[in-house]
There are 2 protein chains.
Amino acid sequence: MTRTTVSRSTPTISQVASAAGVSRSSVSRAFSRPELLGKETVERILAVARDIGYVPNHTARALSTGRYSNIALVVPDVANPFFPPIIEGAQAEADQSDFCVFLGNSGESPRHEDALLDRFMGQVEGVVLVSSRLSEARIRHHAARKPIVLVNRDVKGLARVLIDSSQGVEQAVVHLNELGHRRIAYVAGPAQSWSNRQRRATVVRVSKRLGLAVTVIPTPVPSYAAGVAAAKQIIKSSVTAAVAFDDLTAQGVMAGLAEQGLTVPSDMSVIGCDDVLGASTYPAMTSVSSRSAEAGKAAVSLLLDFLSGSSLGDARLALDTHLVMRQTTLAPAT
Amino acid sequence: MTRTTVSRSTPTISQVASAAGVSRSSVSRAFSRPELLGKETVERILAVARDIGYVPNHTARALSTGRYSNIALVVPDVANPFFPPIIEGAQAEADQSDFCVFLGNSGESPRHEDALLDRFMGQVEGVVLVSSRLSEARIRHHAARKPIVLVNRDVKGLARVLIDSSQGVEQAVVHLNELGHRRIAYVAGPAQSWSNRQRRATVVRVSKRLGLAVTVIPTPVPSYAAGVAAAKQIIKSSVTAAVAFDDLTAQGVMAGLAEQGLTVPSDMSVIGCDDVLGASTYPAMTSVSSRSAEAGKAAVSLLLDFLSGSSLGDARLALDTHLVMRQTTLAPAT
DNA sequence: CTGAAAGCGCTAACAG
DNA sequence: CTGTTAGCGCTTTCAG
């Protein structure tokens with residue numbers, strides 16, 4: 001059996017070696033450290049290799065060197081539009097160094113996140129954890145095994161890149177104040193979320209400074225449906241503007257308001273966060289930009305830098321944000 | 001050097017072996033084929049292993065067996081909302097079999113897609129290619145090395161799962177006809193796209209049957225911006241309804257129409273495809289549902305089935321679709 | 001049911 | 001600059 005298939009499988013280094021009349025180590029070097037070989041030798045080896053279709057065996061190399069050229073990227077929910085840009089940025093950066101990236105989707109479950117990490121750890125050089133739902137203890141546990149970079153999670157002593165919404169949210173509140181709003185609402189996100197805590201605190205702080213009244217409307221989980229539901233409470237609380245935890249929720253708020261016969265922005269101003277939907281809604285949504293692709297890129301870059309020597313330490317990179325004004329804010333109706 | 005670090009790294013099978021007083025092969029078997037060992041022996045070994053924190057080395061195992069328990073998933077653009085549900089479905093299915101998944105983002109570039117595949121091939125058991133931008137020749141080339149399942153790409157002889165929009169799109173055109181529309185537009189997607197060709201053909205065919213006039217409006221690439229641009233041509237062509245290649249484009253069309261002072265649905269009906277935005281736009285968009293998560297799941301399931309024995313052959317799985325009516329369609333203004 | 005030995009394909013000292 | 005020699009950690013015949 002497999003008679004004609006006898007030499008169908010990938011050629012090995014030995015085959016190249018004998019075909020080229022050199023030792024195996026030369027072939028190895030021709031691929032990994034060509035500087036150590038004569039220019040001609042390298043060329044000859046490479047030519048032969050190409051001819052017989054030799055491709056270095058990644059696994060064998062990894063076993064021998066302990067280097068995998070793989071990283072893992074774990075997110076809570078691929079389908080939430082906040083994450084794809086991060087993934088994209090991370091991918092792009094990894095590509096530049098010929099790293100492959102494993103993607104893990106925890107489905108917002110800490111247990112699943114743990115399981116994914118265990119499965120990845122054996123074949124990656126490092127990990128990027130985005131908006132991790134893990135306890136600090138678990139994060140530290142994993143960080144003890146492999147280098148980890150956190151995104152949107154602030155754990156002392158670990159490398160992290162944080163999207164710092166405070167400036168952007170501050171601008172949002174200031175903007176509403178300048179338009180003449182005096183009573184605003186904050187439609188909150190998950191209570192445990194670092195981003196939510198930061199945004200909420202900023203809305204409250206700046207409102208107080210400017211003398212605005214603020215109503216916080218809790219939602220269990222950030223989603224379109226949560227926004228729709230929040231709309232009713234917004235109306236009841238007789239505010240004239242709302243800042244939502246994220247764009248998805250904001251969009252839900254807009255739909256909910258419309259259902260109740262209110263028009264944005266003439267009857268109510270709405271501002272989202274993350275700016276992931278902003279450019280593709282109608283009316284185009286005013287939102288706090290999160291530069292999330294950059295966050296993904298930065299996280300991988302940090303990780304890769306560390307892997308190639310520099311110390312990771314507890315780098316803490318804060319990306320600033322700003323308000324992107326579009327068409328969902330206006331002076332309140334009189 | 002590394003004095004105190006001497007036994008810091010992961011324990012190996014030998015350490016477990018001596019600690020448990022058995023041979024290395026027994027330890028190996030305790031993990032991979034426990035049926036071959038005495039119940040007690042297995043338990044003892046496992047206990048010792050847990051104590052000293054032994055975890056089987058994935059890479060060494062892969063080198064020895066040729067099994068990686070990894071698959072690759074390549075998409076053209078993570079940030080396009082059509083893909084995340086597919087990714088999610090694929091992930092979920094892979095998880096069930098403890099497979100890890102590499103994600104590749106080709107950025108719509110065939111060259112990049114090729115490069116990613118080359119990088120993945122060495123460490124995966126199979127590949128799922130979603131909406132591949134590769135030439136058929138290149139696809140076949142890669143399929144010769146590893147099992148491949150295609151999503152939304154119809155190549156004879158290869159396993160593929162196709163989201164068959166024809167029923168859904170047919171329903172859309174019929175729906176418009178019933179509302180009284182006589183002239184409609186199709187805002188096209190990428191010319192090479194299998195889905196686009198199918199959708200376009202269906203719109204044309206059904207329109208002809210029903211006696212509707214149809215204008216095809218080309219766009220270079222499906223995007224919000226393309227939709228906005230298409231809106232002007234839609235208006236010029238004096239149709240009363242438009243079907244767009246995807247939801248993103250449809251959303252752009254809606255925004256473009258609004259910019260020109262037209263309201264959806266009273267002045268113009270709009271229908272999207274894929275139903276990825278449908279529930280989170282205002283007005284809620286009527287769209288052709290794509291069940292994309294199922295497609296991702298099915299693709300991985302097909303691949304995994306094959307890997308565990310069954311023949312892959314040229315399975316051709318067509319997922320049907322249907323129109324989801326929401327609020328962007330109405331009888332034409334008189 | 002368990003042990004011994006060979007090897008997966010590659011890299012990394014160490015010689016020459 | 002190039003060849004020789006050991007492994008990386010695990011699985012897998014083959015004996016016993």
# chains A, B, ... in the order shown; residues from 1 in each chain; ligands from 1
>>> residues_around(residues="DT12 of chain D", least_positions_apart="5", cutoff="10 Å", atoms="only C-alpha atoms (C1' of nucleotides)", output="PDB file with N, CA and C atoms (P, O5', C5', C4', C3', O3' and C1' of nucleotides), in the first residue's frame")
ATOM      1  N   SER B  25       7.909   4.741  28.701  1.00  0.00           N
ATOM      2  CA  SER B  25       6.785   4.395  27.823  1.00  0.00           C
ATOM      3  C   SER B  25       5.492   4.244  28.608  1.00  0.00           C
ATOM      4  N   SER B  64       6.533  13.384  16.791  1.00  0.00           N
ATOM      5  CA  SER B  64       6.576  11.932  16.787  1.00  0.00           C
ATOM      6  C   SER B  64       5.389  11.302  16.058  1.00  0.00           C
ATOM      7  N   THR B  65       4.231  11.891  16.215  1.00  0.00           N
ATOM      8  CA  THR B  65       3.030  11.266  15.646  1.00  0.00           C
ATOM      9  C   THR B  65       2.592  11.865  14.318  1.00  0.00           C
TER      10      THR B  65
ATOM     11  P    DA C   6      18.702   0.469  19.452  1.00  0.00           P
ATOM     12  O5'  DA C   6      17.845   1.035  18.233  1.00  0.00           O
ATOM     13  C5'  DA C   6      16.711   0.293  17.759  1.00  0.00           C
ATOM     14  C4'  DA C   6      15.773   1.248  17.032  1.00  0.00           C
ATOM     15  C3'  DA C   6      16.510   2.361  16.292  1.00  0.00           C
ATOM     16  O3'  DA C   6      15.883   2.524  15.031  1.00  0.00           O
ATOM     17  C1'  DA C   6      14.926   3.311  17.770  1.00  0.00           C
ATOM     18  P    DG C   7      16.597   3.422  13.911  1.00  0.00           P
ATOM     19  O5'  DG C   7      15.701   4.726  14.032  1.00  0.00           O
ATOM     20  C5'  DG C   7      14.323   4.535  13.777  1.00  0.00           C
ATOM     21  C4'  DG C   7      13.567   5.803  14.019  1.00  0.00           C
ATOM     22  C3'  DG C   7      14.248   7.054  13.435  1.00  0.00           C
ATOM     23  O3'  DG C   7      13.248   7.803  12.802  1.00  0.00           O
ATOM     24  C1'  DG C   7      13.691   7.424  15.652  1.00  0.00           C
TER      25       DG C   7
END
>>> residues_around(residues="DT4 of chain D", least_positions_apart="5", cutoff="12 Å", atoms="only C-alpha atoms (C1' of nucleotides)", output="list in words")
Ser23, Arg24, Ser25 and Ser26 of chain A; DA12, DA13, DC14, DA15 and DG16 of chain C
>>> select_by_dssp(residues="segment 47-247 of chain B", states="helix (DSSP H, G or I)", output="count of residues only")
93
>>> closest_atom_pairs(of="chain D", to="chain B", cutoff="10 Å", atoms="only C-alpha atoms (C1' of nucleotides)", output="tab-separated table")
residue	atom	partner	partner_atom	distance
D:DC8	C1'	B:Ala60	CA	7.9
D:DG9	C1'	B:Ala60	CA	5.1
D:DC10	C1'	B:Arg61	CA	5.0
D:DT11	C1'	B:Ser64	CA	5.9
D:DT12	C1'	B:Ser25	CA	8.9
>>> interface_residues(of="chain C", to="chain A", cutoff="8 Å", atoms="only C-alpha atoms (C1' of nucleotides)", output="list in words")
DC8, DG9, DC10 and DT11 of chain C
>>> interface_residues(of="chain B", to="chain A", cutoff="9 Å", atoms="only C-alpha atoms", output="VMD selection string")
chain B and resid 9 55 to 60 62 to 63 72 77 to 81 83 to 85 87 to 88 91 to 92 95 98 to 105 116 119 to 120 122 to 123 145 224 to 225 248 251 to 252 254 to 255 258 279 to 284
>>> calpha_fit_and_write(fixed="chain B", moving="chain A", output="compact mmCIF listing (two decimals) with C-alpha atoms, in the first residue's frame")
# COMPACT_ATOMS: atom_id res chain seq x y z
CA MET A 1 23.65 31.10 36.06
CA THR A 2 20.06 29.96 36.16
CA ARG A 3 21.14 28.22 39.30
CA THR A 4 17.82 28.15 41.09
CA THR A 5 16.12 27.76 37.74
CA VAL A 6 17.64 24.36 37.21
CA SER A 7 14.40 22.44 37.51
CA ARG A 8 12.05 25.36 36.81
CA SER A 9 11.28 24.30 33.29
CA THR A 10 8.49 21.90 32.52
CA PRO A 11 9.01 18.39 33.84
CA THR A 12 9.46 15.66 31.28
CA ILE A 13 8.01 12.24 31.02
CA SER A 14 11.16 10.67 32.46
CA GLN A 15 10.85 12.60 35.68
CA VAL A 16 7.31 11.39 36.13
CA ALA A 17 8.42 7.89 35.27
CA SER A 18 11.08 7.68 37.92
CA ALA A 19 8.98 9.51 40.50
CA ALA A 20 6.19 7.03 39.94
CA GLY A 21 8.46 4.02 39.61
CA VAL A 22 7.30 3.00 36.15
CA SER A 23 8.71 3.10 32.65
CA ARG A 24 8.40 6.08 30.41
CA SER A 25 6.06 4.35 28.06
CA SER A 26 3.63 3.74 30.87
CA VAL A 27 3.53 7.42 31.58
CA SER A 28 2.99 8.09 27.92
CA ARG A 29 0.16 5.60 27.83
CA ALA A 30 -1.40 6.95 30.98
CA PHE A 31 -1.99 10.13 29.02
CA SER A 32 -2.72 8.98 25.52
CA ARG A 33 -4.17 5.50 25.85
CA PRO A 34 -5.17 4.87 29.45
CA GLU A 35 -7.31 1.88 28.45
CA LEU A 36 -4.12 -0.07 27.99
CA LEU A 37 -3.07 0.31 31.60
CA GLY A 38 -4.29 -0.90 34.94
CA LYS A 39 -6.75 1.52 36.46
CA GLU A 40 -4.62 1.89 39.55
CA THR A 41 -1.44 2.44 37.60
CA VAL A 42 -3.05 5.17 35.61
CA GLU A 43 -4.28 6.91 38.71
CA ARG A 44 -0.94 6.72 40.42
CA ILE A 45 0.87 8.10 37.39
CA LEU A 46 -1.62 10.87 36.92
CA ALA A 47 -1.35 11.82 40.56
CA VAL A 48 2.43 12.00 40.44
CA ALA A 49 2.28 13.95 37.21
CA ARG A 50 -0.07 16.48 38.71
CA ASP A 51 2.12 16.80 41.77
CA ILE A 52 5.24 17.65 39.90
CA GLY A 53 3.35 19.70 37.36
CA TYR A 54 3.96 17.58 34.32
CA VAL A 55 2.27 18.60 31.09
CA PRO A 56 2.75 16.54 27.93
CA ASN A 57 4.90 18.31 25.38
CA HIS A 58 2.70 19.00 22.42
CA THR A 59 5.55 19.48 20.00
CA ALA A 60 7.34 16.27 20.85
CA ARG A 61 4.12 14.40 20.50
CA ALA A 62 3.41 16.00 17.15
CA LEU A 63 6.87 15.17 15.87
CA SER A 64 6.45 11.60 16.88
CA THR A 65 2.90 11.02 15.69
CA GLY A 66 2.54 13.47 12.87
CA ARG A 67 -0.67 14.68 14.45
CA TYR A 68 -0.80 18.34 15.37
CA SER A 69 -4.32 18.94 16.58
CA ASN A 70 -4.16 22.28 14.86
CA ILE A 71 -6.07 23.66 11.94
CA ALA A 72 -5.72 26.90 10.04
CA LEU A 73 -8.52 29.25 9.17
CA VAL A 74 -7.87 31.93 6.59
CA VAL A 75 -10.19 34.85 5.87
CA PRO A 76 -9.83 37.87 3.60
CA ASP A 77 -10.64 40.49 6.21
CA VAL A 78 -11.33 39.95 9.90
CA ALA A 79 -12.73 43.44 10.19
CA ASN A 80 -15.50 42.81 7.68
CA PRO A 81 -18.49 41.86 9.83
CA PHE A 82 -19.32 38.97 7.57
CA PHE A 83 -16.34 36.94 8.77
CA PRO A 84 -16.37 37.05 12.56
CA PRO A 85 -19.43 34.84 12.85
CA ILE A 86 -17.75 32.29 10.60
CA ILE A 87 -14.63 32.44 12.73
CA GLU A 88 -16.70 32.05 15.83
CA GLY A 89 -18.53 29.01 14.48
CA ALA A 90 -15.29 27.43 13.35
CA GLN A 91 -13.65 28.06 16.70
CA ALA A 92 -16.51 26.56 18.61
CA GLU A 93 -16.43 23.40 16.56
CA ALA A 94 -12.66 23.07 16.83
CA ASP A 95 -12.82 23.56 20.58
CA GLN A 96 -15.05 20.55 20.92
CA SER A 97 -12.27 18.36 19.62
CA ASP A 98 -9.51 20.17 21.46
CA PHE A 99 -8.09 21.56 18.28
CA CYS A 100 -6.28 24.86 18.21
CA VAL A 101 -6.91 27.19 15.35
CA PHE A 102 -4.47 29.45 13.59
CA LEU A 103 -6.10 32.51 12.13
CA GLY A 104 -4.81 34.09 8.96
CA ASN A 105 -5.94 37.44 7.64
CA SER A 106 -5.06 37.77 3.98
CA GLY A 107 -6.10 41.37 3.65
CA GLU A 108 -7.85 40.42 0.39
CA SER A 109 -4.44 39.69 -1.15
CA PRO A 110 -3.85 36.38 -2.94
CA ARG A 111 -0.13 36.65 -2.43
CA HIS A 112 -0.52 37.11 1.25
CA GLU A 113 -2.96 34.24 1.40
CA ASP A 114 -0.37 32.04 -0.26
CA ALA A 115 2.30 33.11 2.18
CA LEU A 116 0.08 32.43 5.16
CA LEU A 117 -0.73 28.97 3.92
CA ASP A 118 2.93 28.14 3.43
CA ARG A 119 3.60 29.25 6.96
CA PHE A 120 0.73 27.21 8.38
CA MET A 121 1.06 24.02 6.38
CA GLY A 122 3.90 22.69 8.47
CA GLN A 123 1.96 22.66 11.67
CA VAL A 124 -1.64 21.92 10.86
CA GLU A 125 -3.66 18.93 9.98
CA GLY A 126 -5.94 20.78 7.65
CA VAL A 127 -7.14 24.13 6.46
CA VAL A 128 -10.38 26.03 6.09
CA LEU A 129 -10.25 28.69 3.41
CA VAL A 130 -13.01 31.25 3.64
CA SER A 131 -13.91 33.25 0.54
CA SER A 132 -10.48 32.51 -0.83
CA ARG A 133 -9.00 35.08 -3.18
CA LEU A 134 -6.61 32.45 -4.57
CA SER A 135 -6.69 31.15 -8.11
CA GLU A 136 -8.13 27.71 -8.55
CA ALA A 137 -4.68 26.43 -9.45
CA ARG A 138 -3.16 27.67 -6.20
CA ILE A 139 -6.00 26.21 -4.21
CA ARG A 140 -5.49 22.83 -5.81
CA HIS A 141 -1.78 23.10 -5.21
CA HIS A 142 -2.31 23.56 -1.49
CA ALA A 143 -5.05 20.97 -1.40
CA ALA A 144 -2.51 18.45 -2.62
CA ARG A 145 -0.49 18.91 0.57
CA LYS A 146 -3.17 18.96 3.22
CA PRO A 147 -6.92 18.48 3.46
CA ILE A 148 -8.72 21.71 2.66
CA VAL A 149 -12.32 22.75 3.10
CA LEU A 150 -13.52 25.77 1.19
CA VAL A 151 -16.20 28.16 2.37
CA ASN A 152 -18.01 30.21 -0.24
CA ARG A 153 -15.91 29.02 -3.09
CA ASP A 154 -17.01 26.35 -5.49
CA VAL A 155 -14.12 24.28 -6.77
CA LYS A 156 -15.01 20.95 -8.22
CA GLY A 157 -13.41 17.99 -6.50
CA LEU A 158 -12.72 19.84 -3.25
CA ALA A 159 -14.80 19.86 -0.11
CA ARG A 160 -16.74 23.09 0.23
CA VAL A 161 -19.57 24.61 2.12
CA LEU A 162 -21.51 27.20 0.26
CA ILE A 163 -23.91 29.74 1.59
CA ASP A 164 -26.53 29.52 -1.07
CA SER A 165 -28.23 32.90 -1.16
CA SER A 166 -30.47 32.06 -4.07
CA GLN A 167 -33.56 31.20 -2.05
CA GLY A 168 -33.13 34.16 0.24
CA VAL A 169 -32.52 36.58 -2.59
CA GLU A 170 -35.44 35.13 -4.48
CA GLN A 171 -37.65 35.73 -1.46
CA ALA A 172 -36.37 39.28 -1.31
CA VAL A 173 -37.34 40.03 -4.89
CA VAL A 174 -40.69 38.32 -4.49
CA HIS A 175 -41.29 40.33 -1.35
CA LEU A 176 -40.57 43.59 -3.15
CA ASN A 177 -42.83 42.56 -5.99
CA GLU A 178 -45.66 41.80 -3.60
CA LEU A 179 -45.23 45.21 -1.99
CA GLY A 180 -45.83 46.67 -5.42
CA HIS A 181 -42.35 47.63 -6.56
CA ARG A 182 -41.84 47.47 -10.32
CA ARG A 183 -38.34 48.83 -10.74
CA ILE A 184 -35.52 47.71 -8.46
CA ALA A 185 -31.76 48.04 -8.26
CA TYR A 186 -29.05 45.52 -7.38
CA VAL A 187 -26.00 47.11 -5.81
CA ALA A 188 -23.29 44.63 -6.74
CA GLY A 189 -20.24 43.33 -4.89
CA PRO A 190 -16.79 42.26 -6.14
CA ALA A 191 -17.02 40.93 -9.68
CA GLN A 192 -14.93 37.83 -8.92
CA SER A 193 -16.95 36.93 -5.86
CA TRP A 194 -18.88 33.71 -6.11
CA SER A 195 -21.55 35.09 -3.79
CA ASN A 196 -21.94 38.23 -5.82
CA ARG A 197 -22.36 36.36 -9.06
CA GLN A 198 -24.95 34.14 -7.50
CA ARG A 199 -26.90 37.00 -5.96
CA ARG A 200 -26.84 39.09 -9.05
CA ALA A 201 -27.95 36.24 -11.23
CA THR A 202 -30.81 35.48 -8.88
CA VAL A 203 -32.03 39.06 -8.75
CA VAL A 204 -31.97 39.25 -12.52
CA ARG A 205 -33.62 35.88 -13.05
CA VAL A 206 -36.44 36.37 -10.60
CA SER A 207 -37.05 39.94 -11.71
CA LYS A 208 -37.41 38.80 -15.27
CA ARG A 209 -39.86 36.12 -14.24
CA LEU A 210 -41.96 38.62 -12.35
CA GLY A 211 -41.65 41.31 -14.96
CA LEU A 212 -39.66 43.73 -12.83
CA ALA A 213 -37.10 46.07 -14.31
CA VAL A 214 -33.70 45.76 -12.68
CA THR A 215 -30.73 48.12 -12.76
CA VAL A 216 -27.37 46.71 -11.70
CA ILE A 217 -25.12 49.23 -9.99
CA PRO A 218 -21.50 48.11 -9.82
CA THR A 219 -19.23 48.89 -6.87
CA PRO A 220 -15.52 48.21 -6.75
CA VAL A 221 -15.47 46.69 -3.29
CA PRO A 222 -18.26 46.12 -0.80
CA SER A 223 -18.17 48.82 1.83
CA TYR A 224 -20.14 51.49 3.54
CA ALA A 225 -18.53 54.13 1.33
CA ALA A 226 -19.43 52.19 -1.80
CA GLY A 227 -23.03 52.14 -0.63
CA VAL A 228 -23.07 55.86 -0.03
CA ALA A 229 -21.75 56.43 -3.51
CA ALA A 230 -24.25 54.01 -5.01
CA ALA A 231 -27.15 55.90 -3.44
CA LYS A 232 -26.88 58.70 -5.96
CA GLN A 233 -27.09 56.31 -8.87
CA ILE A 234 -30.00 54.58 -7.26
CA ILE A 235 -31.91 57.80 -7.11
CA LYS A 236 -30.99 58.66 -10.66
CA SER A 237 -32.20 55.34 -11.95
CA SER A 238 -35.63 56.05 -10.49
CA VAL A 239 -36.13 52.68 -8.88
CA THR A 240 -38.20 52.31 -5.74
CA ALA A 241 -36.21 49.60 -4.02
CA ALA A 242 -32.65 48.31 -3.81
CA VAL A 243 -31.10 44.99 -2.91
CA ALA A 244 -27.45 45.31 -1.90
CA PHE A 245 -24.66 42.74 -2.09
CA ASP A 246 -24.15 42.88 1.64
CA ASP A 247 -25.33 44.62 4.80
CA LEU A 248 -22.43 47.01 4.96
CA THR A 249 -23.16 48.29 1.49
CA ALA A 250 -26.87 48.44 2.27
CA GLN A 251 -26.15 50.51 5.32
CA GLY A 252 -24.10 52.86 3.19
CA VAL A 253 -26.96 53.09 0.74
CA MET A 254 -29.30 54.05 3.56
CA ALA A 255 -26.95 56.76 4.75
CA GLY A 256 -26.43 58.01 1.20
CA LEU A 257 -30.17 58.19 0.63
CA ALA A 258 -30.65 60.07 3.89
CA GLU A 259 -28.01 62.57 2.80
CA GLN A 260 -30.07 63.20 -0.30
CA GLY A 261 -33.14 63.72 1.79
CA LEU A 262 -34.79 60.38 1.18
CA THR A 263 -36.20 58.32 4.03
CA VAL A 264 -36.07 54.53 4.24
CA PRO A 265 -38.47 52.79 3.91
CA SER A 266 -41.11 55.36 2.97
CA ASP A 267 -39.21 56.81 0.02
CA MET A 268 -37.12 53.77 -0.84
CA SER A 269 -36.99 50.17 0.29
CA VAL A 270 -33.59 48.64 1.01
CA ILE A 271 -32.61 45.00 1.55
CA GLY A 272 -29.18 43.81 2.62
CA CYS A 273 -27.50 40.43 2.47
CA ASP A 274 -25.76 38.29 5.10
CA ASP A 275 -27.75 39.68 7.98
CA VAL A 276 -24.77 40.65 10.04
CA LEU A 277 -25.87 44.16 10.84
CA GLY A 278 -29.58 43.66 10.52
CA ALA A 279 -30.45 43.59 14.15
CA SER A 280 -28.25 46.51 15.04
CA THR A 281 -29.21 49.26 12.67
CA TYR A 282 -32.01 51.71 12.82
CA PRO A 283 -34.38 51.21 11.20
CA ALA A 284 -33.68 47.50 11.66
CA MET A 285 -32.62 46.20 8.29
CA THR A 286 -34.45 43.65 6.20
CA SER A 287 -31.77 41.24 5.08
CA VAL A 288 -31.06 37.83 3.62
CA SER A 289 -29.79 35.66 6.44
CA SER A 290 -26.56 33.84 5.77
CA ARG A 291 -26.22 31.61 8.80
CA SER A 292 -22.53 32.21 8.60
CA ALA A 293 -21.70 30.82 12.03
CA GLU A 294 -23.15 27.53 10.83
CA ALA A 295 -21.00 27.67 7.75
CA GLY A 296 -17.87 27.98 9.87
CA LYS A 297 -19.01 25.19 12.11
CA ALA A 298 -19.86 22.94 9.20
CA ALA A 299 -16.54 23.54 7.50
CA VAL A 300 -14.53 22.56 10.55
CA SER A 301 -16.80 19.65 11.23
CA LEU A 302 -16.27 18.37 7.71
CA LEU A 303 -12.53 18.73 8.07
CA LEU A 304 -12.39 17.00 11.43
CA ASP A 305 -14.59 14.16 10.24
CA PHE A 306 -12.21 13.61 7.43
CA LEU A 307 -9.19 13.65 9.68
CA SER A 308 -10.73 10.98 11.81
CA GLY A 309 -11.26 8.60 8.98
CA SER A 310 -14.22 9.34 6.78
CA SER A 311 -13.39 10.34 3.28
CA LEU A 312 -13.50 14.01 2.42
CA GLY A 313 -14.00 13.63 -1.28
CA ASP A 314 -15.71 16.50 -2.94
CA ALA A 315 -18.45 17.06 -0.40
CA ARG A 316 -20.52 20.04 -1.42
CA LEU A 317 -22.65 21.35 1.37
CA ALA A 318 -25.08 24.10 0.46
CA LEU A 319 -26.60 26.04 3.32
CA ASP A 320 -29.87 27.63 2.42
CA THR A 321 -30.90 31.13 3.30
CA HIS A 322 -34.05 33.08 3.83
CA LEU A 323 -35.29 36.61 3.99
CA VAL A 324 -35.50 38.20 7.41
CA MET A 325 -38.10 40.91 7.20
CA ARG A 326 -37.57 43.94 9.36
CA GLN A 327 -38.25 47.57 8.81
CA THR A 328 -36.54 48.80 5.70
CA THR A 329 -39.11 47.64 3.18
CA LEU A 330 -42.53 49.09 2.46
CA ALA A 331 -44.87 49.62 -0.46
CA PRO A 332 -43.52 52.29 -2.83
CA ALA A 333 -44.77 55.84 -2.46
CA THR A 334 -47.46 56.60 -5.01
>>> select_by_dssp(residues="segment 142-255 of chain A", states="strand (DSSP E)", output="ChimeraX atom specification")
/A:148-151,159-164,183-187,213-217,241-244
>>> decode(residues="segment 250-263 of chain A", atoms="N, CA and C atoms", output="PDB file, in the first residue's frame")
ATOM      1  N   ALA A 250     -25.251  52.122  22.331  1.00  0.00           N
ATOM      2  CA  ALA A 250     -25.728  53.430  21.866  1.00  0.00           C
ATOM      3  C   ALA A 250     -26.696  53.256  20.702  1.00  0.00           C
ATOM      4  N   GLN A 251     -26.341  52.344  19.821  1.00  0.00           N
ATOM      5  CA  GLN A 251     -27.206  52.091  18.676  1.00  0.00           C
ATOM      6  C   GLN A 251     -28.562  51.552  19.154  1.00  0.00           C
ATOM      7  N   GLY A 252     -28.521  50.705  20.141  1.00  0.00           N
ATOM      8  CA  GLY A 252     -29.758  50.192  20.715  1.00  0.00           C
ATOM      9  C   GLY A 252     -30.577  51.324  21.324  1.00  0.00           C
ATOM     10  N   VAL A 253     -29.895  52.218  22.005  1.00  0.00           N
ATOM     11  CA  VAL A 253     -30.576  53.366  22.598  1.00  0.00           C
ATOM     12  C   VAL A 253     -31.279  54.163  21.504  1.00  0.00           C
ATOM     13  N   MET A 254     -30.575  54.387  20.405  1.00  0.00           N
ATOM     14  CA  MET A 254     -31.166  55.159  19.311  1.00  0.00           C
ATOM     15  C   MET A 254     -32.422  54.473  18.773  1.00  0.00           C
ATOM     16  N   ALA A 255     -32.327  53.176  18.609  1.00  0.00           N
ATOM     17  CA  ALA A 255     -33.493  52.442  18.107  1.00  0.00           C
ATOM     18  C   ALA A 255     -34.630  52.502  19.118  1.00  0.00           C
ATOM     19  N   GLY A 256     -34.292  52.331  20.399  1.00  0.00           N
ATOM     20  CA  GLY A 256     -35.300  52.364  21.445  1.00  0.00           C
ATOM     21  C   GLY A 256     -35.998  53.717  21.497  1.00  0.00           C
ATOM     22  N   LEU A 257     -35.220  54.775  21.350  1.00  0.00           N
ATOM     23  CA  LEU A 257     -35.796  56.118  21.365  1.00  0.00           C
ATOM     24  C   LEU A 257     -36.737  56.280  20.182  1.00  0.00           C
ATOM     25  N   ALA A 258     -36.302  55.804  19.017  1.00  0.00           N
ATOM     26  CA  ALA A 258     -37.116  55.931  17.812  1.00  0.00           C
ATOM     27  C   ALA A 258     -38.441  55.209  18.006  1.00  0.00           C
ATOM     28  N   GLU A 259     -38.370  54.027  18.632  1.00  0.00           N
ATOM     29  CA  GLU A 259     -39.605  53.288  18.901  1.00  0.00           C
ATOM     30  C   GLU A 259     -40.578  54.105  19.737  1.00  0.00           C
ATOM     31  N   GLN A 260     -40.026  54.915  20.614  1.00  0.00           N
ATOM     32  CA  GLN A 260     -40.871  55.736  21.481  1.00  0.00           C
ATOM     33  C   GLN A 260     -41.200  57.079  20.832  1.00  0.00           C
ATOM     34  N   GLY A 261     -40.842  57.191  19.591  1.00  0.00           N
ATOM     35  CA  GLY A 261     -41.203  58.399  18.867  1.00  0.00           C
ATOM     36  C   GLY A 261     -40.234  59.562  19.012  1.00  0.00           C
ATOM     37  N   LEU A 262     -39.085  59.315  19.595  1.00  0.00           N
ATOM     38  CA  LEU A 262     -38.113  60.400  19.722  1.00  0.00           C
ATOM     39  C   LEU A 262     -37.066  60.330  18.616  1.00  0.00           C
ATOM     40  N   THR A 263     -36.667  61.480  18.103  1.00  0.00           N
ATOM     41  CA  THR A 263     -35.681  61.528  17.044  1.00  0.00           C
ATOM     42  C   THR A 263     -34.330  61.983  17.580  1.00  0.00           C
TER      43      THR A 263
END
